[in-house]
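**Q** Quick one: structure below, then a few questions.
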Amino acid sequence: MTAAGTEALKGEDWAGEMGARWLASLDRFEGMIAPIGDALLARANYSPGERVLDLGCGGGATTLAIADVVGQQGAALGLDIAPMLVEAATRRAVAAHSTARFVCADAATAQLDEPPFDRLFSRFGSMFFAEPVFAFANLRTMLKQAARIDLAVWAHPRDNAWMMEVMGVVRRHVDIPPAVPRAPGPFAFDDLGYLEEVLKGAGFAGMEADAYHGLQPVGGPGASPQEATDFVLASMAAGRVLAEQGPEVRAAAHADLTAMFASHHRAGEGVMLGCKAWLVTAHA
Ligand SMILES: C[S@@+](CC[C@H](N)C(=O)[O-])C[C@H]1O[C@@H](n2cnc3c(N)ncnc32)[C@H](O)[C@@H]1O
């Protein structure tokens, strides 16, 4: 067992390294979370003519889907802090002749030169703020009075086998300190009581949440155990920790990850591991 380096466990640098990693594996990441996005879009149930802000839109898949529904009379604007993702999303919109538009800015402080929005949407793009009350209060200034927000956030890691199983294997080889509850990152809002506190503090009311349970294809639909391992090592925080280790540790962890993924592999589907997210609604 070796100790984890500290660099890999620092906050996620979405405007830099993490944004580049997300872009490099865009199809795999989006393929993993597509069903959760579909569930959130169905819950939000947009209508033609609505103006929708997609917070932390990444490569823009959900923004494009929203644009298709709200049409030319409405607006679908993706807001993201990562320039490389905003560029990729914009290229995608042009190629698809979509009315979706994209802006690169930090949602915590951005002041958009836009009329207020009817709705705010976010598939896993709302958990990375250092000061979430401040950030959500800023987002609220971009919305109409009583505007509805729909967020997908990860539930606790213990309910997300795709994360727990990977961390379990990696911790056999590297001593990784436990995650800090509520710290900015994918699981910042796993405690719904805390999310409600944040939203209330920012002026939102009437929070309601439903659980989404499913199986998630690690490394994207159809990935082999080897491809899932390569994806984890290239893209997830556990992979960054391993990258700081010596060749023997890396090789042993690689073999163990691939064996673990093989035990969850389903022909024609991929490496399927359980996931749980919260689909959350509130009003400005
Ligand atoms: C897990 S990814 C989700 C991307 C996209 N919503 C999707 O589902 O494909 C999180 C996204 O949030 C963005 N993000 C993180 N912090 C942000 C901030 N302060 N302002 C705007 N976007 C941010 C990241 O750049 C990244 O694209």
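In the structure tokens, each chain is lettered A, B, ... as it comes, each chain's residues begin at 1, and ligands are numbered from 1 in order of appearance.
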Quick one: everything within 10 Å of Leu215 (chain A), counting only C-alpha atoms, minus sequence neighbours fewer than 2 positions away in the same chain. Send it as a PyMOL selection string.

**A** chain A and resi 32-33+35+160-162+213+217-218+271-276

**Q** Would you write out those residues with C-alpha atoms, as a short mmCIF file (atom, residue, chain, number, x, y, z; two decimals), in the first residue's frame?

**A**
data_model
loop_
_atom_site.label_atom_id
_atom_site.label_comp_id
_atom_site.auth_asym_id
_atom_site.auth_seq_id
_atom_site.Cartn_x
_atom_site.Cartn_y
_atom_site.Cartn_z
CA MET A 32 -22.90 6.65 -19.05
CA ILE A 33 -25.29 9.35 -17.85
CA PRO A 35 -30.51 7.70 -19.11
CA ASN A 160 -23.21 4.25 -6.44
CA ALA A 161 -21.45 0.96 -7.10
CA TRP A 162 -19.74 2.41 -10.18
CA HIS A 213 -31.94 4.06 -9.59
CA PRO A 217 -22.29 1.40 -18.25
CA VAL A 218 -18.80 2.28 -16.96
CA VAL A 271 -19.77 -3.05 -17.69
CA MET A 272 -23.00 -2.43 -15.78
CA LEU A 273 -22.77 -1.10 -12.22
CA GLY A 274 -25.50 0.32 -10.01
CA CYS A 275 -26.08 4.06 -9.70
CA LYS A 276 -28.36 6.34 -7.74
#

**Q** Hey, what's within 9 Å of region 19-28 of chain A if we count only C-alpha atoms and toss same-chain stuff fewer than 6 positions away? As a list in words, please?

**A**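 Counting only the stated atoms, we get Glu12, Asp13, Gly58, Gly59, Ile81, Ala82, Pro83, Met84, Leu85, Ala88, Pro217, Val218, Gly219, Gly220, Pro221, Ala223, Phe231, Ala234, Ser235 and Met236 of chain A.
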
**Q** Limited to N, CA and C atoms, could you put the picked residues into a file as a JSON list (two decimals), in the first residue's frame?

**A**
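And here is the file that came out, again33.json:
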[["chain", "number", "residue", "atom", "x", "y", "z"],
["A", 12, "GLU", "N", -11.65, 19.73, -8.45],
["A", 12, "GLU", "CA", -11.58, 19.47, -9.88],
["A", 12, "GLU", "C", -11.43, 20.77, -10.65],
["A", 13, "ASP", "N", -10.44, 20.80, -11.52],
["A", 13, "ASP", "CA", -10.14, 21.98, -12.30],
["A", 13, "ASP", "C", -10.86, 21.88, -13.64],
["A", 58, "GLY", "N", -21.37, 21.24, -20.11],
["A", 58, "GLY", "CA", -20.37, 20.34, -20.68],
["A", 58, "GLY", "C", -20.36, 20.38, -22.19],
["A", 59, "GLY", "N", -20.40, 19.20, -22.82],
["A", 59, "GLY", "CA", -20.38, 19.12, -24.28],
["A", 59, "GLY", "C", -21.71, 19.44, -24.93],
["A", 81, "ILE", "N", -17.98, 26.57, -17.49],
["A", 81, "ILE", "CA", -16.73, 27.26, -17.14],
["A", 81, "ILE", "C", -15.56, 26.78, -18.01],
["A", 82, "ALA", "N", -15.74, 25.67, -18.72],
["A", 82, "ALA", "CA", -14.62, 25.06, -19.46],
["A", 82, "ALA", "C", -14.63, 25.50, -20.92],
["A", 83, "PRO", "N", -13.63, 26.32, -21.32],
["A", 83, "PRO", "CA", -13.66, 26.84, -22.70],
["A", 83, "PRO", "C", -13.66, 25.74, -23.76],
["A", 84, "MET", "N", -12.90, 24.67, -23.51],
["A", 84, "MET", "CA", -12.82, 23.62, -24.54],
["A", 84, "MET", "C", -14.16, 22.89, -24.70],
["A", 85, "LEU", "N", -14.95, 22.81, -23.62],
["A", 85, "LEU", "CA", -16.26, 22.16, -23.72],
["A", 85, "LEU", "C", -17.26, 23.08, -24.41],
["A", 88, "ALA", "N", -16.55, 22.89, -28.07],
["A", 88, "ALA", "CA", -17.04, 21.62, -28.65],
["A", 88, "ALA", "C", -18.56, 21.64, -28.78],
["A", 217, "PRO", "N", -23.37, 2.07, -17.52],
["A", 217, "PRO", "CA", -22.29, 1.40, -18.25],
["A", 217, "PRO", "C", -20.96, 2.15, -18.06],
["A", 218, "VAL", "N", -20.08, 1.60, -17.24],
["A", 218, "VAL", "CA", -18.80, 2.28, -16.96],
["A", 218, "VAL", "C", -17.96, 2.31, -18.24],
["A", 219, "GLY", "N", -17.54, 3.51, -18.63],
["A", 219, "GLY", "CA", -16.79, 3.66, -19.88],
["A", 219, "GLY", "C", -17.69, 3.75, -21.10],
["A", 220, "GLY", "N", -19.00, 3.85, -20.87],
["A", 220, "GLY", "CA", -19.94, 4.01, -21.97],
["A", 220, "GLY", "C", -20.57, 2.69, -22.39],
["A", 221, "PRO", "N", -21.71, 2.78, -23.09],
["A", 221, "PRO", "CA", -22.41, 1.55, -23.52],
["A", 221, "PRO", "C", -21.49, 0.67, -24.37],
["A", 223, "ALA", "N", -18.76, -0.91, -23.58],
["A", 223, "ALA", "CA", -17.32, -0.96, -23.28],
["A", 223, "ALA", "C", -16.94, -2.35, -22.73],
["A", 231, "PHE", "N", -10.74, 3.77, -19.33],
["A", 231, "PHE", "CA", -11.55, 4.98, -19.10],
["A", 231, "PHE", "C", -11.34, 5.50, -17.67],
["A", 234, "ALA", "N", -7.91, 7.01, -17.21],
["A", 234, "ALA", "CA", -7.70, 8.26, -17.94],
["A", 234, "ALA", "C", -8.57, 9.39, -17.41],
["A", 235, "SER", "N", -9.73, 9.06, -16.83],
["A", 235, "SER", "CA", -10.74, 10.10, -16.63],
["A", 235, "SER", "C", -11.16, 10.34, -15.20],
["A", 236, "MET", "N", -11.12, 9.33, -14.34],
["A", 236, "MET", "CA", -11.68, 9.52, -13.00],
["A", 236, "MET", "C", -10.57, 9.88, -12.00]]

**Q** Using only C-alpha atoms and all ligand atoms, what are the residues with an atom within 7 Å of ligand 1, set out as an NGL selection string?

**A** :A and (14-15 or 19 or 30 or 33 or 37 or 55-62 or 79-82 or 85 or 105-108 or 122-126 or 128-129)

**Q** DSSP on the backbone: what in region 61-119 of chain A comes out helix (DSSP H, G or I), as a PyMOL selection string?

**A** chain A and resi 61-70+83-95

**Q** Please measure the separation of CA of Ala76 (chain A) and CA of Phe29 (chain A), giving the value in Å to one decimal.

**A**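 A separation of 21.5 Å between them.
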
**Q** Check region 157-239 of chain A with DSSP on the backbone and list each residue it calls strand (DSSP E or B), as number ranges by chain.

**A** A: 174-175, 205-217

**Q** Using only C-alpha atoms for the distances, tell me which of A:Arg172, A:Asp191, A:Gly201, A:Met260 is nearest to Ser224 (chain A).

**A** A:Met260

**Q** Quote the spacing between CA of Val153 (chain A) and CA of Glu87 (chain A) in Å to one decimal place.

**A**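 Between these atoms lies a distance of 24.6 Å.
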
**Q** Can you tell me how far CA of Ser47 (chain A) sits from CA of Phe121 (chain A), in Å to one decimal?

**A**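 Going from CA of Ser47 (chain A) over to CA of Phe121 (chain A) covers 13.6 Å.
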
**Q** Can you tell me which residues surround Arg101 (chain A) at a distance of at most 8 Å, considering only C-alpha atoms, apart from same-chain residues fewer than 3 positions away, and format the answer as a ChimeraX atom specification?

**A** /A:76-78,90,93

**Q** Which residue out of A:Ala130, A:Val280, A:Ala237, A:Ala135 has the minimum interatomic distance to Met18 (chain A) when only C-alpha atoms are used?

**A**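 So, comparing all the options, the nearest one is A:Ala237.
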
**Q** Considering only C-alpha atoms, state which residue in the set A:Val232, A:Glu197, A:Pro225, A:Val241 is at the smallest distance from Arg266 (chain A).

**A**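 That would be A:Pro225, the residue with the smallest distance to Arg266 (chain A).
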